[in-house]
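See below for input.cif, which holds mmCIF, C-alpha atoms.
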```cif
data_query
#
loop_
_atom_site.label_atom_id
_atom_site.label_comp_id
_atom_site.auth_asym_id
_atom_site.auth_seq_id
_atom_site.Cartn_x
_atom_site.Cartn_y
_atom_site.Cartn_z
CA MET A 1 -50.07 172.49 43.68
CA ALA A 2 -49.30 170.01 46.42
CA SER A 3 -47.51 171.17 49.56
CA ARG A 4 -43.99 170.01 50.28
CA GLN A 5 -45.32 167.80 53.05
CA GLU A 6 -47.78 166.11 50.70
CA LEU A 7 -45.08 165.62 48.11
CA GLU A 8 -42.76 164.13 50.68
CA GLN A 9 -45.44 161.70 51.69
CA GLN A 10 -46.01 160.75 48.07
CA LEU A 11 -42.28 160.25 47.66
CA ARG A 12 -42.23 157.98 50.69
CA ASP A 13 -45.12 155.99 49.28
CA HIS A 14 -43.24 155.43 46.05
CA TRP A 15 -39.76 155.13 47.56
CA PRO A 16 -39.42 151.30 47.45
CA ARG A 17 -40.50 151.14 43.81
CA LEU A 18 -38.22 154.01 42.86
CA ARG A 19 -35.34 152.36 44.64
CA ARG A 20 -35.97 149.07 42.90
CA PHE A 21 -36.04 150.82 39.54
CA ALA A 22 -32.90 152.81 40.41
CA TYR A 23 -31.19 149.58 41.36
CA ALA A 24 -32.11 147.96 38.06
CA LEU A 25 -30.57 150.95 36.27
CA SER A 26 -27.49 151.52 38.36
CA ARG A 27 -26.85 147.93 39.47
CA SER A 28 -25.57 149.07 42.82
CA GLY A 29 -27.40 149.52 46.11
CA PRO A 30 -25.53 152.66 47.22
CA ASP A 31 -25.84 154.22 43.75
CA ALA A 32 -29.55 153.43 43.80
CA ASP A 33 -29.94 155.06 47.23
CA ASP A 34 -28.15 158.19 46.11
CA LEU A 35 -30.04 158.28 42.86
CA VAL A 36 -33.40 158.15 44.63
CA GLN A 37 -32.34 160.88 47.07
CA GLU A 38 -31.35 162.97 44.10
CA VAL A 39 -34.72 162.25 42.51
CA ALA A 40 -36.43 163.41 45.69
CA ILE A 41 -34.46 166.65 45.65
CA ARG A 42 -35.38 167.26 42.01
CA ALA A 43 -38.99 166.33 42.53
CA LEU A 44 -39.36 168.60 45.54
CA SER A 45 -37.73 171.52 43.78
CA ARG A 46 -39.70 171.05 40.61
CA CYS A 47 -43.05 170.11 42.01
CA ASP A 48 -44.64 172.79 39.84
CA GLN A 49 -43.77 170.61 36.85
CA TRP A 50 -45.89 167.77 38.04
CA GLN A 51 -49.41 168.17 36.76
CA ALA A 52 -52.02 167.19 39.26
CA GLY A 53 -54.10 164.41 37.78
CA SER A 54 -51.18 162.83 35.97
CA ARG A 55 -49.48 159.88 37.52
CA PHE A 56 -46.99 160.83 40.15
CA ASP A 57 -45.14 157.51 39.88
CA SER A 58 -44.59 157.88 36.13
CA TRP A 59 -43.27 161.38 36.71
CA LEU A 60 -40.84 160.12 39.35
CA PHE A 61 -39.72 157.20 37.20
CA ARG A 62 -39.08 159.65 34.38
CA ILE A 63 -36.95 161.89 36.62
CA THR A 64 -35.05 158.84 37.86
CA ARG A 65 -34.33 157.59 34.41
CA ASN A 66 -33.33 161.01 33.04
CA LEU A 67 -31.10 161.68 35.99
CA TRP A 68 -29.42 158.35 35.54
CA ILE A 69 -28.86 158.92 31.84
CA ASP A 70 -27.42 162.40 32.54
CA MET A 71 -25.12 160.91 35.10
CA VAL A 72 -23.89 158.18 32.84
CA ARG A 73 -23.39 160.61 29.98
CA ALA A 74 -21.63 163.15 32.14
CA ARG A 75 -19.20 160.56 33.32
CA GLY A 76 -18.71 159.13 29.88
CA ARG A 77 -19.43 155.63 31.01
CA ARG A 78 -19.62 153.26 28.16
CA ASP A 79 -20.19 149.63 27.52
CA LYS A 80 -22.43 149.10 30.48
CA ARG A 81 -23.29 145.68 29.22
CA SER A 82 -20.04 144.09 30.12
CA ALA A 83 -19.08 144.25 33.74
CA PRO A 84 -17.23 141.04 34.47
CA ALA A 85 -15.21 142.67 37.22
CA GLU A 86 -18.36 143.77 39.00
CA GLU A 87 -19.74 140.31 38.74
CA ALA A 88 -16.60 138.86 40.26
CA GLU A 89 -16.77 141.45 42.97
CA ARG A 90 -20.32 140.55 43.86
CA ILE A 91 -19.46 136.88 44.00
CA GLY A 92 -16.50 137.80 46.17
CA HIS A 93 -18.82 139.48 48.61
CA ASP A 94 -20.61 136.32 49.35
CA PRO A 95 -18.25 133.61 50.37
CA THR A 96 -20.81 130.84 50.50
CA SER A 97 -22.46 129.06 47.66
CA GLY A 98 -25.95 128.60 49.09
CA MET A 99 -28.68 129.96 46.86
CA GLU A 100 -30.77 132.31 48.94
CA ALA A 101 -32.78 135.47 48.43
CA ALA A 102 -29.81 137.80 48.19
CA ILE A 103 -28.17 135.58 45.65
CA ASP A 104 -31.33 135.41 43.65
CA LEU A 105 -31.14 139.15 43.30
CA GLN A 106 -27.54 138.78 42.30
CA THR A 107 -28.41 136.14 39.75
CA ALA A 108 -31.21 138.27 38.37
CA MET A 109 -28.96 141.30 38.17
CA LYS A 110 -26.24 139.36 36.42
CA ALA A 111 -28.73 138.45 33.73
CA MET A 112 -30.15 141.99 33.67
CA GLN A 113 -26.66 143.40 33.24
CA ARG A 114 -26.31 141.55 30.00
CA LEU A 115 -29.21 143.48 28.51
CA PRO A 116 -28.65 146.77 26.73
CA ASP A 117 -29.84 149.72 28.85
CA GLU A 118 -32.85 150.38 26.67
CA GLN A 119 -34.14 146.85 27.19
CA ARG A 120 -33.27 146.76 30.87
CA GLU A 121 -35.28 149.85 31.72
CA VAL A 122 -38.34 148.49 29.92
CA VAL A 123 -38.03 145.14 31.69
CA ALA A 124 -37.64 146.95 35.03
CA LEU A 125 -40.73 149.07 34.48
CA ILE A 126 -43.06 146.49 32.98
CA LEU A 127 -42.01 143.04 34.13
CA ILE A 128 -40.69 143.98 37.55
CA ASP A 129 -42.70 147.05 38.49
CA GLY A 130 -45.82 146.06 36.62
CA LEU A 131 -46.46 149.29 34.71
CA GLY A 132 -48.67 148.98 31.65
CA TYR A 133 -47.24 149.49 28.17
CA ARG A 134 -48.81 152.91 27.85
CA GLU A 135 -47.56 154.11 31.23
CA ALA A 136 -44.08 152.83 30.42
CA SER A 137 -44.13 154.53 27.05
CA GLU A 138 -45.14 157.82 28.68
CA THR A 139 -42.48 157.43 31.33
CA LEU A 140 -39.78 156.76 28.79
CA GLY A 141 -41.09 159.14 26.13
CA LEU A 142 -41.16 156.35 23.55
CA PRO A 143 -43.86 155.00 21.24
CA VAL A 144 -45.73 151.98 22.60
CA GLY A 145 -44.47 149.89 19.67
CA THR A 146 -40.85 150.60 20.60
CA VAL A 147 -41.49 149.73 24.23
CA SER A 148 -43.19 146.52 23.25
CA SER A 149 -40.44 145.38 20.89
CA ARG A 150 -37.70 146.19 23.41
CA LEU A 151 -39.61 144.29 26.05
CA ALA A 152 -39.93 141.26 23.78
CA ARG A 153 -36.20 141.22 23.06
CA GLY A 154 -35.29 141.84 26.69
CA ARG A 155 -37.46 139.12 28.19
CA THR A 156 -36.45 136.60 25.53
CA ALA A 157 -32.78 137.23 26.30
CA LEU A 158 -33.45 137.02 30.04
CA LEU A 159 -35.22 133.71 29.69
CA LYS A 160 -32.23 132.42 27.78
CA HIS A 161 -29.79 133.63 30.45
CA LEU A 162 -31.82 132.52 33.44
CA GLY A 163 -33.34 129.35 32.04
CA GLY A 164 -37.01 128.44 32.13
CA MET B 1 -49.30 131.63 13.18
CA ILE B 2 -48.88 133.56 16.41
CA ASP B 3 -47.29 137.00 16.36
CA GLU B 4 -44.76 137.13 19.15
CA GLN B 5 -45.29 140.71 20.22
CA LYS B 6 -49.02 140.17 20.32
CA PHE B 7 -48.43 137.04 22.35
CA PHE B 8 -46.43 139.03 24.90
CA ALA B 9 -49.07 141.76 24.94
CA TRP B 10 -51.63 139.07 25.76
CA LEU B 11 -49.38 137.67 28.47
CA ASP B 12 -49.10 141.16 29.98
CA GLY B 13 -52.86 141.74 29.90
CA GLU B 14 -52.53 144.39 27.22
CA LEU B 15 -54.91 142.91 24.64
CA GLY B 16 -58.58 143.77 24.53
CA GLU B 17 -61.18 141.16 25.39
CA ALA B 18 -61.78 139.80 21.89
CA ASP B 19 -58.12 139.72 20.85
CA GLY B 20 -57.21 138.30 24.22
CA ALA B 21 -59.67 135.43 23.91
CA GLU B 22 -58.43 134.69 20.42
CA MET B 23 -54.81 134.61 21.58
CA ALA B 24 -55.68 132.47 24.59
CA ALA B 25 -57.28 129.91 22.30
CA ALA B 26 -54.33 129.93 19.89
CA VAL B 27 -51.84 129.49 22.73
CA ALA B 28 -53.88 126.71 24.31
CA ALA B 29 -53.89 124.87 21.00
CA SER B 30 -50.10 124.84 20.75
CA ALA B 31 -47.87 122.94 23.15
CA ASP B 32 -44.90 125.14 22.20
CA TRP B 33 -46.67 128.42 22.84
CA SER B 34 -48.25 127.09 26.02
CA ARG B 35 -44.81 126.19 27.31
CA LYS B 36 -43.50 129.57 26.26
CA ALA B 37 -46.32 131.28 28.14
CA SER B 38 -45.58 129.34 31.25
CA ASP B 39 -41.81 129.94 30.95
CA HIS B 40 -42.32 133.69 30.63
CA ARG B 41 -44.78 133.82 33.52
CA ALA B 42 -42.27 131.98 35.66
CA LEU B 43 -39.53 134.36 34.52
CA GLN B 44 -41.55 137.38 35.58
CA SER B 45 -42.37 135.84 38.90
CA ARG B 46 -38.70 134.97 39.54
CA LEU B 47 -37.62 138.49 38.67
CA GLN B 48 -40.22 140.00 40.96
CA SER B 49 -39.27 137.82 43.88
CA ALA B 50 -35.56 138.39 43.25
CA PHE B 51 -36.13 142.13 43.51
CA ALA B 52 -38.45 141.86 46.50
CA PRO B 53 -35.67 142.61 49.03
CA MET B 54 -35.29 146.02 47.40
CA MET B 55 -38.89 146.76 48.30
CA ALA B 56 -38.38 145.77 51.92
CA ALA B 57 -35.47 148.12 52.56
CA PRO B 58 -36.26 150.86 55.06
CA ILE B 59 -37.17 154.32 53.79
CA PRO B 60 -34.75 156.99 55.01
CA ASP B 61 -36.03 159.29 57.73
CA ARG B 62 -35.04 162.37 55.81
CA ILE B 63 -35.67 162.59 52.15
CA GLY B 64 -34.85 165.18 49.59
CA VAL B 65 -32.90 167.34 52.00
CA GLU B 66 -29.42 165.87 52.02
CA PRO B 67 -26.99 167.95 50.06
CA SER B 68 -25.86 165.34 47.62
CA ASP B 69 -23.28 165.08 44.96
CA PHE B 70 -24.33 161.88 43.37
CA GLY B 71 -21.77 161.93 40.56
CA ALA B 72 -18.87 162.33 42.96
CA ALA B 73 -20.13 159.63 45.30
CA MET B 74 -20.59 157.24 42.41
CA ALA B 75 -17.11 157.97 41.07
CA ARG B 76 -15.64 157.36 44.51
CA ARG B 77 -17.40 154.03 44.80
CA GLU B 78 -16.32 153.01 41.36
CA ALA B 79 -12.72 153.84 42.23
CA SER B 80 -12.89 151.78 45.39
CA ARG B 81 -14.40 148.88 43.46
CA ALA B 82 -11.73 149.13 40.81
CA SER B 83 -9.10 149.04 43.51
CA TRP B 84 -9.82 145.44 44.33
CA ARG B 85 -10.26 143.51 41.21
CA MET B 86 -8.50 140.30 40.36
CA PRO B 87 -5.41 140.13 42.59
CA GLN B 88 -7.44 140.91 45.68
CA TRP B 89 -10.09 138.48 44.56
CA ALA B 90 -7.49 135.75 44.67
CA SER B 91 -6.28 136.83 48.08
CA LEU B 92 -9.85 136.91 49.38
CA ALA B 93 -10.20 133.27 48.42
CA ALA B 94 -6.96 132.50 50.20
CA THR B 95 -8.13 134.37 53.27
CA LEU B 96 -11.34 132.42 53.38
CA VAL B 97 -9.50 129.15 53.19
CA LEU B 98 -7.34 130.34 56.02
CA GLY B 99 -10.38 131.42 58.00
CA ILE B 100 -12.16 128.13 57.62
CA GLY B 101 -9.15 125.88 57.78
CA LEU B 102 -7.26 127.34 60.69
CA GLY B 103 -10.06 129.07 62.46
CA THR B 104 -7.65 131.39 64.16
CA VAL B 105 -7.61 134.34 61.85
CA VAL B 106 -10.16 136.23 63.84
CA GLY B 107 -10.64 136.21 67.55
CA SER B 108 -8.28 135.35 70.30
CA GLY B 109 -8.33 132.88 73.13
CA GLY B 110 -10.32 129.70 73.23
CA THR B 111 -10.02 126.77 70.95
CA SER B 112 -13.22 127.06 68.96
CA SER B 113 -13.17 128.45 65.48
CA PRO B 114 -14.67 131.95 65.19
CA VAL B 115 -16.18 130.99 61.85
CA ALA B 116 -18.05 127.85 61.00
CA VAL B 117 -19.89 126.45 58.03
CA GLU B 118 -23.53 125.81 58.80
CA GLN B 119 -25.89 124.56 56.11
CA GLY B 120 -23.66 125.92 53.40
CA ARG B 121 -23.33 129.31 55.06
CA LEU B 122 -20.21 130.74 56.60
CA VAL B 123 -21.30 132.02 60.00
CA ALA B 124 -19.66 133.56 63.03
CA SER B 125 -19.22 131.38 66.08
CA ALA B 126 -17.38 131.36 69.39
CA GLY B 127 -15.81 134.68 70.41
CA LEU B 128 -16.64 136.43 67.20
CA GLU B 129 -20.31 135.57 67.53
CA ALA B 130 -20.33 136.78 71.11
CA ALA B 131 -18.69 140.06 70.12
CA LEU B 132 -21.16 140.59 67.30
CA ASP B 133 -24.08 139.80 69.58
CA THR B 134 -23.16 142.03 72.44
CA GLN B 135 -20.25 144.37 71.93
CA LEU B 136 -20.98 148.02 71.40
CA ALA B 137 -18.71 149.81 68.96
CA SER B 138 -18.37 152.58 71.51
CA ALA B 139 -17.34 150.18 74.26
CA PRO B 140 -14.80 147.75 72.84
CA ALA B 141 -13.61 144.75 74.82
CA ASP B 142 -10.05 144.63 76.02
CA SER B 143 -9.20 141.73 73.78
CA GLY B 144 -10.68 139.76 70.92
CA PRO B 145 -12.51 141.11 67.91
CA ARG B 146 -13.54 144.74 67.87
CA ILE B 147 -16.68 146.03 66.28
CA GLY B 148 -16.39 148.80 63.73
CA LEU B 149 -19.64 149.87 62.14
CA THR B 150 -23.16 148.69 62.76
CA PHE B 151 -25.64 149.34 59.99
CA ARG B 152 -28.60 148.01 58.03
CA ASP B 153 -28.05 146.56 54.60
CA GLN B 154 -30.30 147.18 51.63
CA ALA B 155 -32.61 144.37 52.63
CA GLY B 156 -32.84 145.71 56.19
CA ALA B 157 -30.58 143.07 57.76
CA LEU B 158 -28.39 144.17 60.66
CA CYS B 159 -24.70 144.14 59.70
CA ARG B 160 -21.54 144.73 61.69
CA SER B 161 -17.98 145.07 60.60
CA PHE B 162 -15.34 143.63 62.86
CA SER B 163 -11.61 143.55 63.06
CA ASP B 164 -8.85 141.90 64.88
CA GLY B 165 -5.18 142.56 64.45
CA ALA B 166 -4.96 139.88 61.80
CA ALA B 167 -8.19 140.20 59.90
CA SER B 168 -11.31 142.21 59.38
CA GLY B 169 -14.65 141.39 57.91
CA LEU B 170 -18.36 141.94 57.69
CA ALA B 171 -21.15 139.81 59.12
CA CYS B 172 -24.88 140.29 58.75
CA ARG B 173 -27.85 138.68 60.50
CA ASP B 174 -29.37 135.90 58.50
CA SER B 175 -31.80 133.32 59.87
CA GLY B 176 -30.72 133.74 63.46
CA ALA B 177 -26.97 133.68 62.80
CA TRP B 178 -24.24 136.11 61.84
CA ARG B 179 -23.45 135.25 58.29
CA VAL B 180 -19.94 136.24 57.30
CA ARG B 181 -20.11 138.15 54.03
CA GLY B 182 -16.45 138.95 53.76
CA LEU B 183 -13.29 138.20 55.64
CA PHE B 184 -10.03 139.90 54.81
CA GLN B 185 -6.61 139.30 56.09
CA GLY B 186 -4.85 142.47 57.16
CA PRO B 187 -1.37 142.15 55.69
CA GLY B 188 1.29 143.69 57.85
CA ARG B 189 -1.16 144.94 60.40
CA GLN B 190 -1.02 142.09 62.82
CA GLY B 191 -1.39 143.22 66.33
CA ASP B 192 -2.60 146.69 65.46
CA TYR B 193 -5.73 146.68 67.53
CA ARG B 194 -6.37 150.32 66.83
CA MET B 195 -7.12 149.67 63.19
CA ALA B 196 -10.73 150.73 62.73
CA ALA B 197 -12.94 148.33 60.82
CA GLY B 198 -13.48 149.79 57.41
CA GLN B 199 -9.93 150.91 56.91
CA ASP B 200 -9.09 147.90 54.82
CA PRO B 201 -10.09 149.14 51.34
CA ARG B 202 -11.70 145.81 50.48
CA LEU B 203 -13.81 145.92 53.62
CA ALA B 204 -14.59 149.59 53.01
CA ALA B 205 -15.79 148.71 49.50
CA LEU B 206 -17.87 145.82 50.82
CA ILE B 207 -19.46 148.04 53.48
CA GLU B 208 -20.13 150.76 50.98
CA ASP B 209 -21.81 148.33 48.64
CA SER B 210 -23.91 146.82 51.42
CA ILE B 211 -24.95 149.76 53.58
CA SER B 212 -28.28 151.44 53.29
CA GLY B 213 -28.25 154.95 54.66
CA GLU B 214 -26.00 155.87 57.55
CA PRO B 215 -24.42 153.61 60.19
CA LEU B 216 -26.43 153.28 63.39
CA ASP B 217 -25.54 155.65 66.20
CA ALA B 218 -24.78 154.36 69.69
CA ALA B 219 -28.40 154.42 70.83
CA ASP B 220 -29.73 152.65 67.74
CA GLU B 221 -26.90 150.15 67.89
CA GLN B 222 -27.84 149.25 71.44
CA LYS B 223 -31.50 148.97 70.49
CA ALA B 224 -30.71 146.75 67.52
CA LEU B 225 -28.55 144.43 69.63
CA GLY B 226 -31.24 144.33 72.29
CA ALA B 227 -33.72 143.15 69.67
CA LEU B 228 -31.53 140.15 68.90
CA ARG B 229 -32.06 138.70 72.34
#
```
Hey, can you dump this file as structure tokens for me?
Amino acid sequence: MASRQELEQQLRDHWPRLRRFAYALSRSGPDADDLVQEVAIRALSRCDQWQAGSRFDSWLFRITRNLWIDMVRARGRRDKRSAPAEEAERIGHDPTSGMEAAIDLQTAMKAMQRLPDEQREVVALILIDGLGYREASETLGLPVGTVSSRLARGRTALLKHLGG
Amino acid sequence: MIDEQKFFAWLDGELGEADGAEMAAAVAASADWSRKASDHRALQSRLQSAFAPMMAAPIPDRIGVEPSDFGAAMARREASRASWRMPQWASLAATLVLGIGLGTVVGSGGTSSPVAVEQGRLVASAGLEAALDTQLASAPADSGPRIGLTFRDQAGALCRSFSDGAASGLACRDSGAWRVRGLFQGPGRQGDYRMAAGQDPRLAALIEDSISGEPLDAADEQKALGALR
């Protein structure tokens, strides 16, 4: 079993990817930060559950996703697809109309928000993070066929929302 | 006839060599599928670059040790977001017009506007810019804008909240300037120089949504300002 120090280092190595995934799920920077810290706490306290030889990143992604789902369930949040007020709020945060990097993220997230959760997580893992189908299916605990059909629907919808 | 899921699997490098070569030939033979392949490649590349700032954000010094109550923090943020929906949205627009048009909402003294539009961006200028560049939160000037919090945003940009009796706002470094991300009029608080930046709930929500980690302490604030020069 890895020492706490080794695990912390591994967590640091994967932190940016975890944060990006957490952001795609939670759609909020501060929520994403907190979620990843929570993941770190879980990972460090349950390091015996990680089997050496298996992929550490998949394990962390799985914790992130499960934690997020628990959180959403616990709080009874529903209808995560429609968040017009949040969209307005984000626009309100940026009083200029110039299209720059930060707004690209905003544009991408607006389109991502329109996807059902189950498509968004697959898009985040495969299209954005670059995981393979098999790794994503292991992370999500879903058959490869399900992952692949959700990905197809998600990316087709995104292309429609974002244009070619 | 091309199977769509197989096409995507090919696009994602998931097909074996023989199947992949077969799909590549089928796609190349069809203008529609070729266009679709190029559209989806471009989509992936746009998504990846859109999310790139998330990868550049600094990693916290301490990980996995903070006592955290994620659910409560999230609920608090949601409540603060919900507290400024449409009516405030309209007043924000009004405030911005005021800020740009009159140029006297923030800052005091001088005739130059403290905010200016440069290449489509709303940026700090005049006294506000000077305060953002140099003023330490711990050592406020006797007059003019006061600095509230100094922090890094999720993309690592240096941000500072500021307030004057009449308005408060948030500006972050962007291409060598202080880009104003929010400017809020402080109704009924004119002249109250003791109002800490962040007390306006709209500004508090904006800061909370922007900040990565904790605000900088006095030493880090000084270092960050020194790096601007």
Query raised in the report: At what distance in Å, to one decimal, does CA of Ala124 (chain A) lie from CA of Leu47 (chain B)?
Result: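 A separation of 9.2 Å between them.
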**Report entry** Selection dump of the PyMOL selection byres ((chain B and resi 156) around 12), as a PyMOL selection string
**Finding:** (chain A and resi 102) or (chain B and resi 52-60+151-155+157-159+172-174+210-213+224)
**Report entry** Result set of the PyMOL selection byres ((chain B) within 6 of (chain A)) on the coordinates above, as a count of residues only
**Finding:** 14
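What the PyMOL selection byres ((chain A and resi 59) around 10) picks from this file is Ala43, Gln49, Trp50, Gln51, Ser54, Arg55, Phe56, Asp57, Ser58, Leu60, Phe61, Arg62, Ile63, Thr64, Arg65, Glu138, Thr139 and Leu140 of chain A.
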Requested in this report: Enter the distance from CA of Leu149 (chain B) to CA of Phe184 (chain B), in Å, rounded to one decimal.
Outcome: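 Going from CA of Leu149 (chain B) over to CA of Phe184 (chain B) covers 15.7 Å.
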Query raised in the report: Rounded to one decimal in Å, what is the spacing between CA of Ser161 (chain B) and CA of Ala204 (chain B)?
Result: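 Value for the CA of Ser161 (chain B)-CA of Ala204 (chain B) distance: 9.5 Å.
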Query raised in the report: Quick one: of A:Arg114, A:Arg27, A:Arg73, A:Arg46, who's nearest to Ser3 (chain A), counting only C-alpha atoms?
Result: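 With only C-alpha atoms as the atom set, the closest residue is A:Arg46.
Nearest residue to Asp164 (chain B), choosing from B:Leu15, B:Leu183, B:Ala42, B:Ala130 and counting all atoms listed in the file: B:Leu183.
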Query raised in the report: Of the candidates B:Ser125, B:Asp200, B:Met23, B:Leu11, which shows the shortest atom-to-atom distance to His40 (chain B), using all atoms listed in the file?
Result: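 With all atoms listed in the file as the atom set, the closest residue is B:Leu11.
Closest approach to Arg4 (chain A) among B:Ile63, B:Ala227, B:Leu216, B:Trp10: B:Ile63, based on all atoms listed in the file.
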